[in-house]
Amino acid sequence: MTVNSQERSPNNTVFQEEKADGIRNIVVKGTLQRPTTEKLVALFEQSLRDATQPFILVHIDLSDPSIQYTPYSRQRGQEAFEKIPDDKMLFLAVSVGGERMVNVARMIIRQDENRYDNMCQNVFTNRADAVQWLCACARKYQAEQ
């Protein structure tokens, strides 16, 4: 596992690590204020640009208890989803902490999945389950092609 990028501010950290199984992991800690959100969006968009397979596997870990969503972070997330290439399928796993955050994330995902035909998302409270789901999605997608 290698750390590709790291950004730190007093209470916020965004860093990305890439695993050998092709999953792009983006881990976030702190409030999703503008600098942190911009770094998260930049890493997500870089994942889209770097994709060499017909599918993209991204895991965003928002499970840190210090995570706080903002309207700005939601808006920027929507803008980033608009950049998913039409010829790629995005599988996005989001790890969150606590049942309240699971419910918020699931509500957002329902809205997103009605907008995008080339994106499949799921929410988890466990990082290992998120990675396992992404691997299963990749195997299934490859078998169907």
# chains A, B, ... in the order shown; residues from 1 in each chain; ligands from 1

$ closest_atom_pairs --of "segment 54-80 of chain A" --to "segment 29-49 of chain A" --cutoff "6 Å" --atoms "only C-alpha atoms" --output "tab-separated table"
residue	atom	partner	partner_atom	distance
A:Asp64	CA	A:Lys29	CA	5.6
A:Ser66	CA	A:Gly30	CA	4.9
A:Ile67	CA	A:Gly30	CA	4.7
A:Gln68	CA	A:Thr31	CA	4.6
A:Tyr69	CA	A:Leu32	CA	5.6
A:Ser73	CA	A:Thr37	CA	5.7

$ write_last_selection --atoms "N, CA and C atoms" --output "PDB file, in the first residue's frame"
ATOM      1  N   ASP A  64     -14.452   8.284  10.004  1.00  0.00           N
ATOM      2  CA  ASP A  64     -13.894   8.966  11.158  1.00  0.00           C
ATOM      3  C   ASP A  64     -15.007   9.726  11.885  1.00  0.00           C
ATOM      4  N   SER A  66     -15.024  12.399  13.365  1.00  0.00           N
ATOM      5  CA  SER A  66     -14.961  13.850  13.220  1.00  0.00           C
ATOM      6  C   SER A  66     -15.578  14.351  11.911  1.00  0.00           C
ATOM      7  N   ILE A  67     -15.969  13.445  11.015  1.00  0.00           N
ATOM      8  CA  ILE A  67     -16.530  13.857   9.719  1.00  0.00           C
ATOM      9  C   ILE A  67     -17.827  14.629   9.933  1.00  0.00           C
ATOM     10  N   GLN A  68     -17.911  15.751   9.262  1.00  0.00           N
ATOM     11  CA  GLN A  68     -19.130  16.550   9.239  1.00  0.00           C
ATOM     12  C   GLN A  68     -19.364  16.986   7.801  1.00  0.00           C
ATOM     13  N   TYR A  69     -20.523  16.630   7.250  1.00  0.00           N
ATOM     14  CA  TYR A  69     -20.871  17.035   5.899  1.00  0.00           C
ATOM     15  C   TYR A  69     -21.299  18.490   5.885  1.00  0.00           C
ATOM     16  N   SER A  73     -19.900  20.468   0.428  1.00  0.00           N
ATOM     17  CA  SER A  73     -19.326  19.164   0.078  1.00  0.00           C
ATOM     18  C   SER A  73     -20.317  18.359  -0.765  1.00  0.00           C
TER      19      SER A  73
END

$ select_by_dssp --residues "segment 4-136 of chain A" --states "helix (DSSP H, G or I)" --output "VMD selection string"
chain A and resid 34 to 50 71 to 81 98 to 113 127 to 136

$ select_by_dssp --residues "segment 25-111 of chain A" --states "strand (DSSP E)" --output "short mmCIF file (atom, residue, chain, number, x, y, z; two decimals) with all heavy atoms, in the first residue's frame"
data_model
loop_
_atom_site.label_atom_id
_atom_site.label_comp_id
_atom_site.auth_asym_id
_atom_site.auth_seq_id
_atom_site.Cartn_x
_atom_site.Cartn_y
_atom_site.Cartn_z
N ASN A 25 -8.52 4.00 -2.79
CA ASN A 25 -9.02 4.32 -1.46
C ASN A 25 -8.73 5.78 -1.15
O ASN A 25 -7.61 6.24 -1.27
CB ASN A 25 -8.33 3.47 -0.38
CG ASN A 25 -8.82 2.05 -0.40
OD1 ASN A 25 -9.98 1.79 -0.16
ND2 ASN A 25 -7.93 1.12 -0.71
N ILE A 26 -9.76 6.50 -0.73
CA ILE A 26 -9.60 7.89 -0.31
C ILE A 26 -10.14 7.97 1.11
O ILE A 26 -11.31 7.67 1.35
CB ILE A 26 -10.38 8.85 -1.24
CG1 ILE A 26 -9.90 8.69 -2.69
CG2 ILE A 26 -10.20 10.29 -0.76
CD1 ILE A 26 -10.74 9.44 -3.71
N VAL A 27 -9.28 8.34 2.04
CA VAL A 27 -9.65 8.39 3.45
C VAL A 27 -9.71 9.85 3.88
O VAL A 27 -8.80 10.62 3.60
CB VAL A 27 -8.63 7.62 4.32
CG1 VAL A 27 -9.05 7.65 5.78
CG2 VAL A 27 -8.48 6.19 3.82
N VAL A 28 -10.80 10.22 4.54
CA VAL A 28 -11.02 11.61 4.95
C VAL A 28 -11.25 11.66 6.45
O VAL A 28 -11.97 10.83 7.00
CB VAL A 28 -12.24 12.21 4.22
CG1 VAL A 28 -12.44 13.66 4.61
CG2 VAL A 28 -12.12 12.05 2.73
N LYS A 29 -10.67 12.67 7.09
CA LYS A 29 -10.91 12.92 8.51
C LYS A 29 -11.17 14.40 8.69
O LYS A 29 -10.50 15.22 8.07
CB LYS A 29 -9.71 12.49 9.35
CG LYS A 29 -9.45 11.01 9.27
CD LYS A 29 -8.28 10.60 10.11
CE LYS A 29 -8.08 9.10 9.93
NZ LYS A 29 -7.09 8.56 10.80
N PHE A 55 -14.10 -0.22 -15.95
CA PHE A 55 -14.79 0.11 -14.70
C PHE A 55 -13.81 0.79 -13.76
O PHE A 55 -12.60 0.67 -13.90
CB PHE A 55 -15.39 -1.14 -14.04
CG PHE A 55 -14.37 -2.21 -13.77
CD1 PHE A 55 -13.66 -2.22 -12.57
CD2 PHE A 55 -14.11 -3.19 -14.70
CE1 PHE A 55 -12.71 -3.19 -12.33
CE2 PHE A 55 -13.16 -4.18 -14.46
CZ PHE A 55 -12.46 -4.17 -13.27
N ILE A 56 -14.37 1.53 -12.80
CA ILE A 56 -13.57 2.27 -11.83
C ILE A 56 -14.04 1.85 -10.44
O ILE A 56 -15.25 1.85 -10.17
CB ILE A 56 -13.77 3.79 -12.01
CG1 ILE A 56 -13.45 4.21 -13.46
CG2 ILE A 56 -12.92 4.57 -11.01
CD1 ILE A 56 -13.97 5.57 -13.83
N LEU A 57 -13.11 1.48 -9.58
CA LEU A 57 -13.43 1.07 -8.21
C LEU A 57 -12.89 2.13 -7.26
O LEU A 57 -11.69 2.35 -7.19
CB LEU A 57 -12.79 -0.28 -7.88
CG LEU A 57 -13.10 -1.44 -8.83
CD1 LEU A 57 -12.28 -2.66 -8.45
CD2 LEU A 57 -14.58 -1.76 -8.82
N VAL A 58 -13.79 2.79 -6.52
CA VAL A 58 -13.39 3.83 -5.58
C VAL A 58 -14.02 3.56 -4.23
O VAL A 58 -15.23 3.29 -4.15
CB VAL A 58 -13.79 5.24 -6.08
CG1 VAL A 58 -13.42 6.31 -5.05
CG2 VAL A 58 -13.15 5.55 -7.42
N HIS A 59 -13.21 3.64 -3.20
CA HIS A 59 -13.70 3.53 -1.83
C HIS A 59 -13.38 4.85 -1.13
O HIS A 59 -12.22 5.26 -1.08
CB HIS A 59 -13.02 2.38 -1.09
CG HIS A 59 -13.33 2.35 0.36
ND1 HIS A 59 -12.37 2.48 1.32
CD2 HIS A 59 -14.51 2.24 1.03
CE1 HIS A 59 -12.93 2.43 2.52
NE2 HIS A 59 -14.23 2.30 2.36
N ILE A 60 -14.40 5.52 -0.63
CA ILE A 60 -14.21 6.75 0.13
C ILE A 60 -14.55 6.44 1.58
O ILE A 60 -15.67 6.05 1.89
CB ILE A 60 -15.08 7.90 -0.41
CG1 ILE A 60 -14.70 8.20 -1.87
CG2 ILE A 60 -14.91 9.15 0.47
CD1 ILE A 60 -15.52 9.28 -2.52
N ASP A 61 -13.57 6.58 2.44
CA ASP A 61 -13.73 6.27 3.86
C ASP A 61 -14.04 7.56 4.62
O ASP A 61 -13.17 8.39 4.83
CB ASP A 61 -12.46 5.62 4.39
CG ASP A 61 -12.62 5.10 5.81
OD1 ASP A 61 -13.52 5.57 6.53
OD2 ASP A 61 -11.82 4.24 6.20
N LEU A 62 -15.29 7.70 5.00
CA LEU A 62 -15.76 8.83 5.80
C LEU A 62 -16.18 8.36 7.19
O LEU A 62 -17.07 8.94 7.81
CB LEU A 62 -16.95 9.52 5.11
CG LEU A 62 -16.72 10.03 3.70
CD1 LEU A 62 -18.02 10.52 3.08
CD2 LEU A 62 -15.68 11.14 3.70
N MET A 89 -17.83 2.42 -16.06
CA MET A 89 -18.78 2.12 -14.99
C MET A 89 -18.07 2.39 -13.66
O MET A 89 -16.98 1.88 -13.44
CB MET A 89 -19.22 0.66 -15.06
CG MET A 89 -20.20 0.26 -14.01
SD MET A 89 -21.78 1.08 -14.27
CE MET A 89 -22.69 0.51 -12.85
N LEU A 90 -18.67 3.22 -12.82
CA LEU A 90 -18.09 3.54 -11.51
C LEU A 90 -18.78 2.73 -10.44
O LEU A 90 -20.02 2.72 -10.34
CB LEU A 90 -18.25 5.03 -11.19
CG LEU A 90 -17.87 5.43 -9.76
CD1 LEU A 90 -16.37 5.28 -9.53
CD2 LEU A 90 -18.32 6.83 -9.45
N PHE A 91 -18.00 2.03 -9.65
CA PHE A 91 -18.48 1.36 -8.45
C PHE A 91 -17.89 2.14 -7.28
O PHE A 91 -16.67 2.22 -7.13
CB PHE A 91 -18.05 -0.11 -8.41
CG PHE A 91 -18.66 -0.92 -9.52
CD1 PHE A 91 -17.94 -1.21 -10.66
CD2 PHE A 91 -19.97 -1.37 -9.42
CE1 PHE A 91 -18.49 -1.94 -11.69
CE2 PHE A 91 -20.53 -2.11 -10.44
CZ PHE A 91 -19.80 -2.40 -11.58
N LEU A 92 -18.75 2.71 -6.48
CA LEU A 92 -18.33 3.58 -5.38
C LEU A 92 -18.85 3.02 -4.06
O LEU A 92 -20.05 2.87 -3.87
CB LEU A 92 -18.87 5.00 -5.59
CG LEU A 92 -18.61 6.01 -4.47
CD1 LEU A 92 -17.11 6.26 -4.31
CD2 LEU A 92 -19.34 7.32 -4.77
N ALA A 93 -17.92 2.71 -3.17
CA ALA A 93 -18.27 2.26 -1.82
C ALA A 93 -17.91 3.39 -0.86
O ALA A 93 -16.81 3.95 -0.94
CB ALA A 93 -17.50 1.00 -1.46
N VAL A 94 -18.84 3.72 0.01
CA VAL A 94 -18.61 4.78 0.99
C VAL A 94 -18.73 4.16 2.38
O VAL A 94 -19.75 3.56 2.71
CB VAL A 94 -19.64 5.92 0.83
CG1 VAL A 94 -19.39 7.01 1.86
CG2 VAL A 94 -19.59 6.50 -0.58
N SER A 95 -17.67 4.29 3.17
CA SER A 95 -17.70 3.84 4.56
C SER A 95 -18.00 5.04 5.44
O SER A 95 -17.36 6.07 5.30
CB SER A 95 -16.35 3.24 4.97
OG SER A 95 -16.07 2.09 4.23
N VAL A 96 -18.98 4.88 6.30
CA VAL A 96 -19.36 5.96 7.20
C VAL A 96 -19.41 5.42 8.63
O VAL A 96 -19.46 4.22 8.85
CB VAL A 96 -20.73 6.59 6.82
CG1 VAL A 96 -20.66 7.24 5.45
CG2 VAL A 96 -21.84 5.56 6.88
#

$ atom_distance --atom1 "atom CA of Ile84 of chain A" --atom2 "atom CA of Glu99 of chain A"
28.6 Å

$ atom_distance --atom1 "atom CA of Arg76 of chain A" --atom2 "atom CA of Ala128 of chain A"
26.6 Å

$ atom_distance --atom1 "atom CA of Ala105 of chain A" --atom2 "atom CA of Phe124 of chain A"
9.4 Å

$ closest_residue --among "A:Pro71, A:Ser63, A:Gly97, A:Asn118" --to "Pro85 of chain A" --atoms "only C-alpha atoms"
A:Asn118

$ closest_residue --among "A:Val123, A:Ala138, A:Val14, A:Ala51" --to "Asn103 of chain A" --atoms "only C-alpha atoms"
A:Val123
